[in-house]
Structure formats: C-alpha cells, structure tokens
>>> print(open('entry-v6.txt').read())   # compact mmCIF, C-alpha atoms and all ligand atoms
# COMPACT_ATOMS: atom_id res chain seq x y z
CA MET A 919 -38.86 -14.72 82.51
CA SER A 920 -42.42 -15.42 81.39
CA LYS A 921 -43.19 -14.50 77.81
CA GLN A 922 -46.23 -12.56 76.78
CA SER A 923 -47.48 -13.27 73.33
CA ALA A 924 -47.45 -10.42 70.88
CA VAL A 925 -50.93 -9.05 71.40
CA PRO A 926 -51.72 -5.36 71.27
CA ALA A 927 -53.99 -5.31 74.33
CA ALA A 928 -51.10 -6.19 76.63
CA SER A 929 -48.55 -4.00 74.94
CA ALA A 930 -48.07 -1.50 77.75
CA GLN A 931 -47.51 -4.08 80.49
CA PRO A 932 -43.93 -4.68 81.63
CA ALA A 933 -42.92 -8.35 81.54
CA ALA A 934 -42.58 -10.13 84.86
CA GLY A 935 -39.05 -10.26 86.27
CA SER A 936 -37.91 -7.48 84.01
CA THR A 937 -37.20 -4.76 86.54
CA THR A 938 -33.44 -5.27 86.89
CA GLN A 939 -32.64 -4.48 83.29
CA PRO A 940 -32.67 -0.76 82.54
CA LEU A 941 -34.26 0.65 79.42
CA ARG A 942 -30.86 1.63 78.03
CA LEU A 943 -27.88 -0.54 78.91
CA ALA A 944 -24.25 -0.66 77.82
CA VAL A 945 -22.58 -3.80 79.12
CA ILE A 946 -18.80 -3.39 79.22
CA ASP A 947 -16.70 -6.55 79.27
CA LEU A 948 -13.58 -5.76 81.31
CA ALA A 949 -12.20 -9.25 80.67
CA GLY A 950 -12.39 -8.35 76.99
CA ILE A 951 -10.44 -5.14 77.65
CA ARG A 952 -7.78 -7.12 79.51
CA ASN A 953 -7.61 -9.68 76.70
CA ASN A 954 -7.14 -6.94 74.14
CA VAL A 955 -4.32 -5.28 76.07
CA GLN A 956 -2.63 -8.65 76.52
CA VAL A 957 -2.91 -9.43 72.79
CA VAL A 958 -1.13 -6.16 72.03
CA LYS A 959 1.44 -6.66 74.80
CA LYS A 960 2.33 -10.01 73.29
CA LEU A 961 2.65 -8.44 69.85
CA VAL A 962 4.90 -5.53 70.88
CA GLY A 963 7.15 -7.30 73.41
CA GLU A 964 9.30 -4.80 75.35
CA THR A 965 7.49 -1.77 73.93
CA GLU A 966 5.29 -0.05 76.50
CA VAL A 967 1.54 0.19 76.02
CA MET A 968 -0.35 3.41 76.72
CA ALA A 969 -4.08 2.83 77.23
CA VAL A 970 -5.90 5.71 75.51
CA VAL A 971 -9.04 6.49 77.52
CA LYS A 972 -10.02 9.91 76.16
CA ALA A 973 -13.71 10.72 75.59
CA ASP A 974 -14.68 8.68 78.65
CA GLY A 975 -12.87 5.64 77.37
CA TYR A 976 -14.45 5.85 73.90
CA GLY A 977 -17.83 5.65 75.65
CA HIS A 978 -16.85 2.63 77.76
CA GLY A 979 -16.01 4.50 81.01
CA ALA A 980 -12.48 5.91 81.39
CA VAL A 981 -11.79 4.93 85.00
CA GLU A 982 -12.95 1.31 84.75
CA VAL A 983 -11.18 0.77 81.42
CA ALA A 984 -7.99 2.39 82.71
CA ARG A 985 -7.94 0.08 85.75
CA ALA A 986 -8.50 -3.02 83.62
CA ALA A 987 -5.82 -1.95 81.12
CA LEU A 988 -3.25 -1.36 83.86
CA GLU A 989 -4.06 -4.75 85.41
CA ALA A 990 -3.40 -6.33 82.02
CA GLY A 991 0.01 -4.72 81.62
CA ALA A 992 -0.49 -1.27 80.14
CA THR A 993 1.91 1.14 81.89
CA TRP A 994 0.66 4.53 80.69
CA LEU A 995 -2.69 6.28 80.29
CA GLY A 996 -3.46 8.75 77.52
CA VAL A 997 -6.23 11.35 77.27
CA ALA A 998 -6.98 14.40 75.17
CA ASP A 999 -7.19 17.16 77.77
CA VAL A 1000 -5.93 17.85 81.27
CA ASP A 1001 -9.43 17.71 82.80
CA GLU A 1002 -9.77 14.11 81.66
CA ALA A 1003 -6.40 13.36 83.24
CA LEU A 1004 -7.41 15.04 86.52
CA ALA A 1005 -10.55 12.87 86.65
CA LEU A 1006 -8.34 9.77 86.46
CA ARG A 1007 -6.09 11.08 89.25
CA ALA A 1008 -9.18 11.91 91.34
CA ALA A 1009 -10.28 8.28 90.94
CA GLY A 1010 -6.97 7.20 92.44
CA LEU A 1011 -5.09 6.13 89.32
CA GLN A 1012 -1.36 6.71 89.78
CA ALA A 1013 0.11 5.54 86.48
CA PRO A 1014 1.78 8.13 84.27
CA ILE A 1015 -0.82 10.04 82.25
CA LEU A 1016 -0.26 12.07 79.10
CA ALA A 1017 -2.71 14.78 77.94
CA TRP A 1018 -2.06 16.31 74.50
CA LEU A 1019 -4.89 18.68 73.51
CA HIS A 1020 -5.20 21.95 75.38
CA ASP A 1021 -7.45 24.89 76.02
CA PRO A 1022 -5.57 27.90 74.61
CA ALA A 1023 -5.87 29.53 78.05
CA ALA A 1024 -4.70 26.47 80.01
CA SER A 1025 -2.32 27.23 82.89
CA PHE A 1026 -1.14 23.65 83.51
CA ASP A 1027 -0.83 24.34 87.26
CA SER A 1028 -3.10 21.47 88.20
CA ALA A 1029 -1.43 19.25 85.60
CA VAL A 1030 2.02 19.80 87.10
CA ARG A 1031 0.73 19.49 90.67
CA ASN A 1032 -0.87 16.16 89.80
CA SER A 1033 2.12 14.79 87.87
CA ILE A 1034 0.29 14.81 84.58
CA ASP A 1035 2.54 14.76 81.54
CA VAL A 1036 1.70 17.49 79.06
CA GLY A 1037 2.03 17.11 75.31
CA VAL A 1038 3.35 20.43 73.98
CA SER A 1039 3.06 21.55 70.38
CA SER A 1040 4.49 25.07 70.64
CA VAL A 1041 6.97 27.27 72.49
CA ALA A 1042 4.00 29.03 74.13
CA GLN A 1043 2.75 25.75 75.63
CA LEU A 1044 6.28 24.87 76.71
CA GLU A 1045 6.60 28.22 78.53
CA ALA A 1046 3.21 27.70 80.15
CA VAL A 1047 4.29 24.33 81.55
CA ALA A 1048 7.61 25.79 82.74
CA ALA A 1049 5.72 28.59 84.51
CA ALA A 1050 3.28 26.18 86.20
CA GLY A 1051 3.51 24.58 89.62
CA SER A 1052 6.65 24.30 91.69
CA ALA A 1053 8.05 21.00 90.43
CA PRO A 1054 9.53 20.68 86.93
CA GLY A 1055 6.65 20.06 84.50
CA ARG A 1056 6.89 16.80 82.58
CA VAL A 1057 6.47 17.32 78.86
CA HIS A 1058 6.30 15.25 75.69
CA ILE A 1059 7.12 17.38 72.67
CA LYS A 1060 4.66 16.72 69.87
CA VAL A 1061 5.88 17.25 66.32
CA ASP A 1062 3.75 17.40 63.21
CA THR A 1063 5.25 14.86 60.81
CA GLY A 1064 2.59 15.30 58.17
CA LEU A 1065 -0.87 14.89 59.71
CA GLY A 1066 -1.41 18.64 59.67
CA ARG A 1067 -3.25 18.82 62.99
CA ASN A 1068 -1.76 19.11 66.47
CA GLY A 1069 2.04 19.08 66.80
CA ALA A 1070 4.79 21.59 66.11
CA GLU A 1071 5.27 22.52 62.47
CA ARG A 1072 8.67 21.52 61.11
CA SER A 1073 9.86 25.11 60.67
CA THR A 1074 9.50 25.62 64.45
CA TRP A 1075 11.34 22.48 65.63
CA GLN A 1076 14.75 24.09 66.03
CA ALA A 1077 13.42 26.94 68.22
CA LEU A 1078 11.19 24.58 70.22
CA PHE A 1079 13.95 22.05 70.97
CA THR A 1080 16.44 24.81 71.79
CA ARG A 1081 14.07 26.42 74.29
CA ALA A 1082 13.24 22.99 75.75
CA ALA A 1083 16.98 22.38 76.30
CA GLU A 1084 17.28 25.72 78.14
CA LEU A 1085 14.23 25.16 80.34
CA GLN A 1086 15.33 21.62 81.13
CA GLY A 1087 18.81 22.95 81.99
CA GLU A 1088 17.18 25.38 84.44
CA GLY A 1089 15.26 22.52 86.05
CA ARG A 1090 11.88 23.98 85.07
CA ILE A 1091 10.76 21.16 82.84
CA GLU A 1092 11.64 17.55 82.20
CA VAL A 1093 11.37 16.38 78.60
CA VAL A 1094 10.06 12.85 79.00
CA GLY A 1095 8.90 12.17 75.46
CA LEU A 1096 8.93 13.13 71.82
CA PHE A 1097 6.01 12.01 69.71
CA SER A 1098 3.83 12.36 66.66
CA HIS A 1099 0.63 10.89 65.22
CA LEU A 1100 0.12 9.05 61.92
CA SER A 1101 -2.33 9.76 59.11
CA ASN A 1102 -2.99 6.07 58.30
CA ALA A 1103 -3.26 7.25 54.69
CA ASN A 1104 -1.19 4.26 53.58
CA ASP A 1105 1.94 2.37 54.64
CA SER A 1106 4.31 4.44 52.54
CA GLU A 1107 2.93 7.76 53.88
CA ASP A 1108 3.20 6.40 57.42
CA ARG A 1109 6.82 5.35 56.77
CA ALA A 1110 7.54 8.86 55.48
CA GLN A 1111 6.14 10.23 58.76
CA LEU A 1112 8.38 7.85 60.70
CA ARG A 1113 11.42 9.25 58.84
CA GLN A 1114 10.30 12.78 59.77
CA LEU A 1115 10.06 11.73 63.41
CA ASP A 1116 13.58 10.24 63.22
CA GLU A 1117 14.80 13.61 61.94
CA ALA A 1118 13.08 15.39 64.83
CA VAL A 1119 14.71 13.03 67.32
CA ALA A 1120 18.14 13.70 65.76
CA LEU A 1121 17.60 17.46 65.73
CA ALA A 1122 16.49 17.45 69.38
CA ALA A 1123 19.57 15.41 70.34
CA SER A 1124 21.81 17.87 68.51
CA VAL A 1125 20.68 20.65 70.88
CA GLY A 1126 20.88 18.40 73.95
CA VAL A 1127 17.31 17.10 74.30
CA GLU A 1128 17.20 13.30 74.45
CA PRO A 1129 13.82 12.20 75.77
CA PRO A 1130 13.66 8.58 76.90
CA ILE A 1131 10.29 7.82 75.31
CA ILE A 1132 9.70 8.20 71.56
CA HIS A 1133 6.19 7.27 70.41
CA LEU A 1134 4.20 7.29 67.20
CA ALA A 1135 1.89 4.33 66.62
CA ALA A 1136 -1.80 4.18 67.56
CA THR A 1137 -3.74 0.93 67.06
CA ALA A 1138 -3.52 0.71 63.26
CA ALA A 1139 0.25 1.09 62.98
CA THR A 1140 0.78 -1.08 66.07
CA PHE A 1141 -0.69 -3.97 64.10
CA ARG A 1142 0.40 -3.08 60.58
CA LEU A 1143 3.76 -1.31 60.79
CA PRO A 1144 5.99 -2.86 63.48
CA GLU A 1145 8.83 -0.37 62.83
CA THR A 1146 6.60 2.43 64.21
CA ARG A 1147 6.20 0.84 67.65
CA LEU A 1148 9.37 2.50 69.04
CA SER A 1149 9.37 2.87 72.87
CA MET A 1150 5.60 2.94 73.33
CA VAL A 1151 2.37 2.42 71.41
CA ARG A 1152 -0.79 4.43 72.13
CA LEU A 1153 -3.58 1.89 72.09
CA GLY A 1154 -7.11 3.20 71.67
CA ILE A 1155 -9.69 1.46 69.49
CA GLY A 1156 -7.96 -1.92 69.66
CA MET A 1157 -8.19 -1.94 73.45
CA TYR A 1158 -11.96 -1.67 73.10
CA GLY A 1159 -11.80 -4.73 70.86
CA LEU A 1160 -12.55 -2.95 67.61
CA SER A 1161 -10.58 -3.03 64.38
CA PRO A 1162 -9.21 0.19 62.88
CA PHE A 1163 -9.19 -1.49 59.47
CA ASP A 1164 -12.00 -1.74 56.92
CA ASP A 1165 -10.77 -5.11 55.72
CA VAL A 1166 -9.87 -6.87 58.99
CA THR A 1167 -12.31 -7.91 61.73
CA SER A 1168 -11.81 -7.79 65.49
CA ALA A 1169 -11.68 -11.57 65.63
CA GLU A 1170 -8.97 -11.69 62.97
CA LEU A 1171 -6.85 -9.44 65.20
CA GLY A 1172 -7.56 -11.59 68.27
CA LEU A 1173 -9.63 -8.79 69.83
CA ILE A 1174 -12.92 -9.02 71.76
CA PRO A 1175 -15.41 -6.16 71.28
CA ALA A 1176 -15.98 -4.87 74.81
CA MET A 1177 -19.28 -3.02 74.47
CA ARG A 1178 -22.68 -4.66 74.11
CA LEU A 1179 -25.45 -2.14 73.58
CA GLU A 1180 -28.93 -3.11 74.68
CA GLY A 1181 -32.41 -1.66 74.72
CA ARG A 1182 -35.75 -3.17 75.55
CA VAL A 1183 -39.00 -3.78 73.80
CA ILE A 1184 -41.41 -1.32 75.41
CA ALA A 1185 -44.51 -2.13 73.32
CA VAL A 1186 -45.62 -4.63 70.71
CA LYS A 1187 -48.55 -4.45 68.34
CA ARG A 1188 -50.00 -6.61 65.60
CA VAL A 1189 -50.83 -4.55 62.52
CA PRO A 1190 -52.39 -5.24 59.11
CA ALA A 1191 -50.52 -5.28 55.81
CA ASP A 1192 -49.41 -1.91 54.46
CA SER A 1193 -49.24 -0.25 57.88
CA ALA A 1194 -46.93 2.77 57.90
CA VAL A 1195 -44.25 3.16 60.56
CA SER A 1196 -42.74 6.27 62.15
CA TYR A 1197 -42.11 9.78 60.85
CA GLY A 1198 -42.37 10.34 57.13
CA TYR A 1199 -43.82 6.87 56.51
CA THR A 1200 -40.55 5.59 55.09
CA TYR A 1201 -41.54 2.01 55.97
CA ARG A 1202 -44.72 0.01 55.38
CA THR A 1203 -45.38 -3.57 56.44
CA ALA A 1204 -45.45 -6.09 53.61
CA GLY A 1205 -48.12 -8.26 55.25
CA GLU A 1206 -49.87 -8.55 58.58
CA SER A 1207 -47.03 -8.12 61.01
CA THR A 1208 -45.84 -7.52 64.57
CA LEU A 1209 -44.09 -4.24 65.37
CA ALA A 1210 -41.74 -4.02 68.35
CA LEU A 1211 -41.09 -0.59 69.82
CA VAL A 1212 -37.55 -0.14 71.22
CA GLY A 1213 -36.82 2.59 73.77
CA LEU A 1214 -33.66 4.03 72.20
CA GLY A 1215 -33.25 6.97 69.87
CA TYR A 1216 -30.87 9.48 68.44
CA ALA A 1217 -30.74 11.34 71.76
CA ASP A 1218 -28.99 8.21 73.01
CA GLY A 1219 -26.46 8.31 70.18
CA ILE A 1220 -28.33 5.82 68.02
CA PRO A 1221 -27.54 7.20 64.57
CA ARG A 1222 -30.64 8.29 62.66
CA LEU A 1223 -28.93 7.19 59.46
CA GLY A 1224 -29.48 3.66 60.75
CA SER A 1225 -33.20 4.09 59.91
CA ASN A 1226 -34.42 1.19 57.72
CA ARG A 1227 -30.86 -0.17 57.59
CA ALA A 1228 -29.29 -1.15 60.89
CA PRO A 1229 -29.73 -4.57 62.54
CA VAL A 1230 -31.13 -5.52 65.95
CA LEU A 1231 -31.23 -8.89 67.67
CA ILE A 1232 -34.33 -9.89 69.67
CA ASN A 1233 -34.66 -13.36 71.18
CA GLY A 1234 -31.86 -14.64 68.99
CA GLN A 1235 -33.48 -13.38 65.77
CA ARG A 1236 -32.10 -10.62 63.66
CA TYR A 1237 -34.40 -7.86 62.48
CA ARG A 1238 -33.90 -4.47 60.92
CA VAL A 1239 -34.80 -1.01 62.16
CA SER A 1240 -38.09 -0.25 60.39
CA GLY A 1241 -38.90 3.37 59.62
CA ARG A 1242 -37.17 6.42 61.01
CA ILE A 1243 -35.24 6.36 64.27
CA ALA A 1244 -36.74 9.10 66.47
CA MET A 1245 -35.28 10.95 69.45
CA ASP A 1246 -36.19 8.33 72.07
CA GLN A 1247 -37.50 5.32 70.18
CA PHE A 1248 -37.52 3.24 67.04
CA VAL A 1249 -39.52 0.34 65.66
CA ALA A 1250 -38.42 -3.07 64.41
CA ASP A 1251 -40.82 -5.06 62.22
CA VAL A 1252 -40.49 -8.56 63.66
CA HIS A 1253 -42.99 -10.09 61.20
CA ASP A 1254 -44.34 -13.23 62.90
CA GLY A 1255 -41.50 -13.44 65.43
CA GLU A 1256 -42.13 -14.18 69.10
CA VAL A 1257 -41.51 -10.87 70.78
CA ALA A 1258 -42.93 -9.54 74.04
CA VAL A 1259 -42.81 -6.35 76.04
CA GLY A 1260 -39.68 -6.37 78.20
CA ASP A 1261 -37.61 -8.44 75.80
CA ARG A 1262 -33.96 -7.54 75.49
CA VAL A 1263 -32.84 -5.94 72.23
CA VAL A 1264 -29.15 -6.14 71.29
CA LEU A 1265 -28.03 -3.49 68.83
CA PHE A 1266 -24.44 -4.64 68.69
CA GLY A 1267 -21.90 -6.64 70.66
CA ASP A 1268 -19.48 -9.46 70.02
CA PRO A 1269 -20.18 -11.22 66.72
CA ALA A 1270 -18.58 -14.33 68.24
CA ALA A 1271 -21.58 -14.41 70.62
CA GLY A 1272 -24.00 -14.02 67.71
CA HIS A 1273 -24.55 -10.29 68.11
CA PRO A 1274 -24.51 -7.80 65.26
CA ALA A 1275 -21.10 -6.12 64.91
CA VAL A 1276 -20.79 -2.43 65.71
CA GLU A 1277 -19.36 -2.13 62.20
CA GLU A 1278 -22.80 -3.00 60.79
CA TRP A 1279 -24.20 0.05 62.60
CA ALA A 1280 -21.22 2.12 61.45
CA GLN A 1281 -21.80 1.10 57.87
CA ALA A 1282 -25.53 1.82 58.11
CA ALA A 1283 -24.72 5.26 59.50
CA GLU A 1284 -21.95 5.95 56.97
CA THR A 1285 -19.36 6.33 59.70
CA ILE A 1286 -16.71 4.33 61.60
CA ASN A 1287 -16.93 2.09 64.67
CA TYR A 1288 -15.06 4.74 66.73
CA GLU A 1289 -17.91 7.23 66.29
CA VAL A 1290 -20.71 4.79 67.11
CA VAL A 1291 -19.30 3.71 70.49
CA THR A 1292 -18.02 7.16 71.46
CA ARG A 1293 -21.38 8.86 70.90
CA ILE A 1294 -23.37 6.61 73.23
CA GLY A 1295 -25.53 9.03 75.19
CA PRO A 1296 -25.73 9.85 78.90
CA ARG A 1297 -29.07 8.06 79.42
CA PHE A 1298 -27.32 4.71 79.02
CA GLU A 1299 -26.51 2.89 82.22
CA ARG A 1300 -23.14 1.16 82.04
CA ARG A 1301 -22.65 -2.18 83.73
CA TYR A 1302 -19.32 -3.91 83.97
CA THR A 1303 -18.63 -7.62 83.75
CA SER A 1304 -15.25 -9.13 84.41
C1 LIG B 1401 -6.98 8.95 69.93
C2 LIG B 1401 -5.51 8.90 69.78
C3 LIG B 1401 -4.82 7.66 69.81
C4 LIG B 1401 -5.53 6.33 69.80
O1 LIG B 1401 -5.90 6.03 68.47
P1 LIG B 1401 -6.59 4.63 68.09
O2 LIG B 1401 -6.68 4.66 66.60
O3 LIG B 1401 -7.94 4.65 68.74
O4 LIG B 1401 -5.73 3.56 68.62
C5 LIG B 1401 -3.44 7.69 69.82
N1 LIG B 1401 -2.76 8.87 69.78
C6 LIG B 1401 -3.39 10.06 69.71
C7 LIG B 1401 -2.56 11.30 69.65
C8 LIG B 1401 -4.77 10.12 69.69
O5 LIG B 1401 -5.38 11.31 69.61
>>> encode(input="entry-v6.txt", output="structure tokens")
Amino acid sequence: MSKQSAVPAASAQPAAGSTTQPLRLAVIDLAGIRNNVQVVKKLVGETEVMAVVKADGYGHGAVEVARAALEAGATWLGVADVDEALALRAAGLQAPILAWLHDPAASFDSAVRNSIDVGVSSVAQLEAVAAAGSAPGRVHIKVDTGLGRNGAERSTWQALFTRAAELQGEGRIEVVGLFSHLSNANDSEDRAQLRQLDEAVALAASVGVEPPIIHLAATAATFRLPETRLSMVRLGIGMYGLSPFDDVTSAELGLIPAMRLEGRVIAVKRVPADSAVSYGYTYRTAGESTLALVGLGYADGIPRLGSNRAPVLINGQRYRVSGRIAMDQFVADVHDGEVAVGDRVVLFGDPAAGHPAVEEWAQAAETINYEVVTRIGPRFERRYTS
C-alpha cells in the first residue's frame, strides 16, 4: 500500500489499495478459540466443557465461535435465553444447548421441540417446561447457593425437587442437570457455595432426583478452584482468550485473545502548537503536531471514558486517544509520526502480537474486559481467520 505523507491538503483522499478493509473491523481468530478450548480441556481432563456463547458469543459471533469450540472438544453450548439457543439450532448446531435466563411469559414450546435444555429456577418454570411440547422437556435445576441472582432460593429446594421427581416419574420432564453459579468473591466464599451445592445434590437424591450432570464453575473457578469442576465447566471469557482475573494475564493462562478490533485513519491534519481537539477542548497539542482522525465512536461501543486515556496502535506505534471520543469518531495525536489516510488502527488485540490488550481499554473505561468486547456495536464487520 502506498503511503501518503501527513499533509492536510490530501486528508480526504482514501489511500490506494485500501478498499478491502472496512471502516470498522473485528477480526476473530478461530484458531485462538480452538486453542483456548483445548487449554481448558487439558486442564479439566474428563470433565465436560460447555462453550458459553451468550450475547452473540461475547461479541465474537455465537455461531462461528460455537462451531470452533465444538471442533476443539467442547461438548455443550450455553446461552442466556431460549431465542439465542434457537438461533444456534437454526444455524444447524446439534450439540446439547442449555439456556438459563427466561422471559417471565416464556412457554418453552419451541425449546422442547428443538431439544434445548432449560435451566429452571422455580416450580413455575418447571411446570411450564412440563406443559410444553410433546416430548419430555430436558431441565437443569438451578439453585442459588449464595450469588443472590437467578436460581432457586434454598427455602424452596425441597418443594422444587419433590415436584421435579413427580414430573419426571410421569415422563413429562427429564432432569438432566443440577447447577449453580459462583460469586468469585474469594476462594473461601466459593468453597462455601460448593458445599451448598453438595447439600442440594443430596437433598434432590433423597427425593429421587439424581441428575447426571452437576455443574458450577465458570472460567475463574475452572482455573482457580479445581474442586468446583464437577461434571462440567461452563467456559465463557476464557474461551475468548481473556483472563477473568485482575492479576493474571491471558498469556499466563495459556490463552490467546481472539478479538482484534480495528478502525481506519479517515483524515490527517498538521496543526500548530496549542490546537484544541474535539468536544469540550479537553486536549491541546503540546507542539506542532499531526492529528489522525479514526472512524470509530461510542455508537460502536468504543467507551467514551477512554477519552484521553486509551491506547491505539498505528503503523506499529502506540498513541493515545486525544480529546473526547464522539459518537462516530475520535482523534489520536500522532505528533511527528508517519500516518496517512487509510492506515489501519488497532485498538486492541493480542499483546503477544504487539497490540494493546483489551484490559488497557477496560482499565481506561473503568470496567472489565467482558464489557468491552461484548458491547462492540453492530456497525462492525466481523471477519474470521482460522
Ligand atoms: C456467563 C455465564 C458463564 C460464563 O462465565 P465466564 O466468567 O465468562 O466464564 C457461566 N455460567 C453462567 C450461568 C453464566 O451466566
């Protein structure tokens, strides 16, 4: 690709040979996804791996990620709601799928018809699954062991398990699993939740419900608390190559970050010292300088809190967002750097390849890596490499 020099007169011209790269691009590394599943498979041995692909695969594309994960040895898929599960079935995925978060008015007919396992947190949900479809509905009973969110409250376990035993006896449901979700508050709290789950398993058995699959751990406990792996782990963030821990990097876990987020330089201009940049004039150039305009903004999920803080990489050089991030665009002061219209801008990717880490954006935006990747907006084109 020929390089234009950074002169204002040419700033609106697209660079030659630049037409194949879209303005907003998320490159998803499916080999990375497969690596990450294999790393976890090796760690957990006989324990099954559920690939969690809710929220469109944490922004990476649910169908493509699910296929890659299954190729790499995951045996289950997990999503939040039944609609997400139906989309996977519609794409031809036949692995078992569990959906655990439901519309209060959900009928579960399409779930049962499409062999989607339903996580149930109440007798009402259990009855709704039993009433749905013609085949016995497959359920995983979800118990609250201390997180205080989804899952049946302890005082309701006896009634829930007893009704599940009756409905299973009548052939209207099949209890496939019993599960819970951890708070990750600390190891001792997580161990206390594991003991609660053990009590739920014992109580269910005492009324004749003995589901074959007991599951508790998501990514964090999969790595940190081996005793929580049980029959299956539900692998989300780690599959995307990101660490759930503040104090441990992806690379230290053997994981490869699978998303590289790219924009393009859409204009460059040379400006004098003390030039103000973007809304509110929160940034001024220190000396004569070159400003690169990048065609990404908060409408694309680029957090506005990254203004004046977050890193970008252009032509192998790191710069910082300069001034406020706007809806569709932001500026990077590249000083005397060689930057031309059409140049690729990497916001984050794999630090092993020299890219800023998504955690740098998360820190700049006072949030976590999960939120940054999941909020990537619909104007991004996703391209897959394998
Ligand atoms: C999202 C989710 C997971 C995956 O969590 P990660 O921390 O991303 O691995 C597992 N289980 C449940 C119930 C979830 O909602």
>>> axis_aligned_box(input="entry-v6.txt", around="segment 1089-1106 of chain A", padding_each_side="8 Å", output="JSON")
{"center_x": 6.0, "center_y": 13.2, "center_z": 69.3, "size_x": 34.5, "size_y": 37.6, "size_z": 49.5}
>>> residues_around(input="entry-v6.txt", residues="Glu1092 of chain A", least_positions_apart="2", cutoff="6 Å", atoms="all atoms listed in the file", output="JSON, numbers by chain")
{"A": [1056, 1086, 1094]}
>>> closest_residue(input="entry-v6.txt", among="A:Val962, A:Gly1051, A:Leu1143, A:Leu948", to="Glu1107 of chain A", atoms="all atoms listed in the file")
A:Leu1143
>>> atom_distance(input="entry-v6.txt", atom1="atom CA of Leu1223 of chain A", atom2="atom CA of Leu1100 of chain A")
29.2 Å
>>> residues_around(input="entry-v6.txt", residues="Arg1297 of chain A", least_positions_apart="4", cutoff="10 Å", atoms="only C-alpha atoms", output="PyMOL selection string")
chain A and resi 941-943+1214+1217-1219
>>> closest_residue(input="entry-v6.txt", among="A:Val967, A:Leu1004, A:Ile1243, A:Ala1185", to="Gly1198 of chain A", atoms="only C-alpha atoms")
A:Ile1243
>>> residues_around(input="entry-v6.txt", residues="segment 979-996 of chain A", least_positions_apart="6", cutoff="8 Å", atoms="all atoms listed in the file", output="list in words")
Leu948, Ala949, Ile951, Arg952, Asn953, Val955, Gln956, Lys959, Glu966, Val967, Met968, Ala969, Val970, Val971, Lys972, Ala973, Ala1003, Leu1006, Ala1009, Leu1011, Ala1013, Pro1014, Ile1015, Leu1016, Ala1017, Arg1152 and Arg1300 of chain A
>>> atom_distance(input="entry-v6.txt", atom1="atom CA of Trp1018 of chain A", atom2="atom CA of Phe1079 of chain A")
17.4 Å
>>> residues_around(input="entry-v6.txt", residues="segment 1225-1232 of chain A", least_positions_apart="6", cutoff="6 Å", atoms="all atoms listed in the file", output="list in words")
Arg1238, Val1239, Ser1240, Gly1241, Arg1242, Ile1243, Val1263, Val1264, Leu1265, Trp1279 and Ala1282 of chain A
>>> closest_residue(input="entry-v6.txt", among="A:Ala1122, A:Ala1083, A:Ala1176, A:Val1249", to="Ala1194 of chain A", atoms="all atoms listed in the file")
A:Val1249
>>> residues_near_point(input="entry-v6.txt", point="(4.9, 25.0, 92.8)", cutoff="9 Å", atoms="only C-alpha atoms", output="list in words")
Asp1027, Val1030, Arg1031, Ala1050, Gly1051, Ser1052, Ala1053 and Pro1054 of chain A
>>> write_last_selection(input="entry-v6.txt", atoms="C-alpha atoms", output="PDB file, in the coordinates of the input")
ATOM      1  CA  ASP A1027      -0.830  24.340  87.260  1.00  0.00           C
ATOM      2  CA  VAL A1030       2.020  19.800  87.100  1.00  0.00           C
ATOM      3  CA  ARG A1031       0.730  19.490  90.670  1.00  0.00           C
ATOM      4  CA  ALA A1050       3.280  26.180  86.200  1.00  0.00           C
ATOM      5  CA  GLY A1051       3.510  24.580  89.620  1.00  0.00           C
ATOM      6  CA  SER A1052       6.650  24.300  91.690  1.00  0.00           C
ATOM      7  CA  ALA A1053       8.050  21.000  90.430  1.00  0.00           C
ATOM      8  CA  PRO A1054       9.530  20.680  86.930  1.00  0.00           C
TER       9      PRO A1054
END
>>> closest_residue(input="entry-v6.txt", among="A:Ser1073, A:Gln1012, A:Thr1292, A:Ser1193", to="ligand LIG 1401 (chain B)", atoms="only C-alpha atoms and all ligand atoms")
A:Thr1292
>>> residues_near_point(input="entry-v6.txt", point="(-6.7, 19.1, 89.3)", cutoff="8 Å", atoms="only C-alpha atoms", output="NGL selection string")
:A and (1001 or 1004-1005 or 1008 or 1028-1029 or 1031-1032)
>>> atom_distance(input="entry-v6.txt", atom1="atom CA of Glu1145 of chain A", atom2="atom CA of Val1061 of chain A")
18.2 Å
>>> residues_around(input="entry-v6.txt", residues="Asn1287 of chain A", least_positions_apart="6", cutoff="12 Å", atoms="only C-alpha atoms", output="count of residues only")
27
>>> closest_residue(input="entry-v6.txt", among="A:Val1166, A:Val1291, A:Val958, A:Ala1070", to="Ser1040 of chain A", atoms="only C-alpha atoms")
A:Ala1070
